[in-house]
Structures are given as C-alpha cells and as structure tokens.
Amino acid sequence: MSSLTERFPKTVEVEGRKLPVNSDFRTALFLEEVIAHSGDVINEEDLVKMLGAFYVIRELYTEEHVNKMFWFLSCGREKQRKRFPKKAAGINDEQPFDFEKDADLIYAGFMQQYHIDLQESNMHWWKFMILLENLGSETRLSRVMEYRTIDTKNRRLSKEERSFYSALQNYYKIRKEVILNDKEKAIEEALLNGGDVSSLLGGDKN
C-alpha cells in the first residue's frame, strides 16, 4: 500500500466481509499495552479484550479476525523485509522506544515537529506511526532513541565516546517489568507487609 495513493483503511476483510474497525491510534496503543503486559503468550481473556476494542461490531471471533487485527496493528507491512545492516550502521539491537514509558516524549515530539496536539486528535494508527517514525533529530525522543541504539562496541568511537554513550544507555534503558505469577505476588506482598512467607514457600520443598 502507498500512503500517497491509497487511503488508510478503516475496515478489514474477514471471510469476504468488510468489517469496520476502530482505526484511531488510541485503540492501537491500548492493544499494544495489552500485548506488552501479557508476557510471552497472550491469554484468551486478553485476546478477547483486544478483539472487542478493535472491531466495531461484536461477533463470534475466528482466527482470521485475530490475524487481520495483527495485520492492521503492523500497519499492513510485509513480514519479510530487507535486513537493515545494523552493525555496519553502528546500531545495536536494543528497543528504541516504548509507547508507555516514552509517552511524554512522543507527545512533545508531535507538538514540536508537526504542531499536532495528540490530546485533541483521533489520528489514524497508520498515520500516527508514519509520523512517529519520521520525527526529526531536533526532537528529544529522536536523541533518546539514538542513545539507546548506538553500538558502544563500535571501534569508530573513542574510549571517551563509548563511556559517554554507555552511561546514557544505562540512564535511558527501557527496563522490562517483571510479570509475577499469583504465588510470587503473594510472596512479594507478604514481604512488603512483614508477613510470614514460610507457608507460601512450603510448596517449593521436595
């Protein structure tokens, strides 16, 4: 699809039917948030929650409903894309940004570069992503992303530069939240409140 010749989709085709979807960026960010907090596998409850938020019309969802939702979330981009030579470009494999942790930086970047107040916008998700990915180097988000992704092992950097960027990476690093199971949550709560954890740990004995 070309953003110059085709309109961003507000429907997806499922089993030969065009179904209206909530195409705004806030809905997509909600879906991204559910994915981010779901761990390695999205459970059925969260998946149904996502489908209910994405599709305008509630119905019996099928696997194709799920596939088309994730296709839309990926902005319709092909799965197979040319491999970017990160090492040659001096880039590492770190996550460049996080929608939740960098929310203020994203908001400020749109205001600074595009004069768009995201609080007052119902922008299409695909448009949002195109603009986000093309924020200029003068925005703070762009600079933070550069700090996170620069390869500090690159030999073209001086010792001082490697030390400088390593410190910035540590400061701006996106740290993943540890998802605890029910037992781990109970142990954590007991420890925080001065409770007895012996009974909770008892099940771990052989």
# chains A, B, ... in the order shown; residues from 1 in each chain; ligands from 1

call {"tool": "select_by_dssp", "arguments": {"residues": "segment 7-191 of chain A", "states": "alpha helix (DSSP H)", "output": "ChimeraX atom specification"}}
result
/A:25-36,44-54,63-73,86-89,103-114,125-133,140-149,159-172,182-191

call {"tool": "select_by_dssp", "arguments": {"residues": "segment 1-158 of chain A", "states": "strand (DSSP E)", "output": "ChimeraX atom specification"}}
result
/A:11-14,17-20

call {"tool": "write_last_selection", "arguments": {"atoms": "N, CA and C atoms", "output": "PDB file, in the first residue's frame"}}
result
ATOM      1  N   THR A  11     -11.511  -0.397   7.578  1.00  0.00           N
ATOM      2  CA  THR A  11     -12.152  -1.709   7.626  1.00  0.00           C
ATOM      3  C   THR A  11     -11.099  -2.770   7.327  1.00  0.00           C
ATOM      4  N   VAL A  12     -11.371  -3.998   7.720  1.00  0.00           N
ATOM      5  CA  VAL A  12     -10.551  -5.138   7.316  1.00  0.00           C
ATOM      6  C   VAL A  12     -11.489  -6.188   6.741  1.00  0.00           C
ATOM      7  N   GLU A  13     -10.962  -6.985   5.820  1.00  0.00           N
ATOM      8  CA  GLU A  13     -11.790  -8.012   5.198  1.00  0.00           C
ATOM      9  C   GLU A  13     -11.609  -9.337   5.914  1.00  0.00           C
ATOM     10  N   VAL A  14     -12.710  -9.853   6.435  1.00  0.00           N
ATOM     11  CA  VAL A  14     -12.707 -11.130   7.144  1.00  0.00           C
ATOM     12  C   VAL A  14     -13.762 -12.027   6.523  1.00  0.00           C
ATOM     13  N   ARG A  17     -16.056 -10.414   4.095  1.00  0.00           N
ATOM     14  CA  ARG A  17     -16.845  -9.271   4.556  1.00  0.00           C
ATOM     15  C   ARG A  17     -15.921  -8.154   5.013  1.00  0.00           C
ATOM     16  N   LYS A  18     -16.307  -6.922   4.717  1.00  0.00           N
ATOM     17  CA  LYS A  18     -15.541  -5.772   5.183  1.00  0.00           C
ATOM     18  C   LYS A  18     -16.102  -5.331   6.530  1.00  0.00           C
ATOM     19  N   LEU A  19     -15.288  -5.464   7.562  1.00  0.00           N
ATOM     20  CA  LEU A  19     -15.726  -5.144   8.911  1.00  0.00           C
ATOM     21  C   LEU A  19     -15.112  -3.824   9.378  1.00  0.00           C
ATOM     22  N   PRO A  20     -15.924  -2.893   9.883  1.00  0.00           N
ATOM     23  CA  PRO A  20     -15.391  -1.629  10.395  1.00  0.00           C
ATOM     24  C   PRO A  20     -14.583  -1.856  11.661  1.00  0.00           C
TER      25      PRO A  20
END

call {"tool": "closest_residue", "arguments": {"among": "A:Asp46, A:Glu33, A:Glu94, A:Glu64", "to": "Asn170 of chain A", "atoms": "only C-alpha atoms"}}
result
A:Glu94
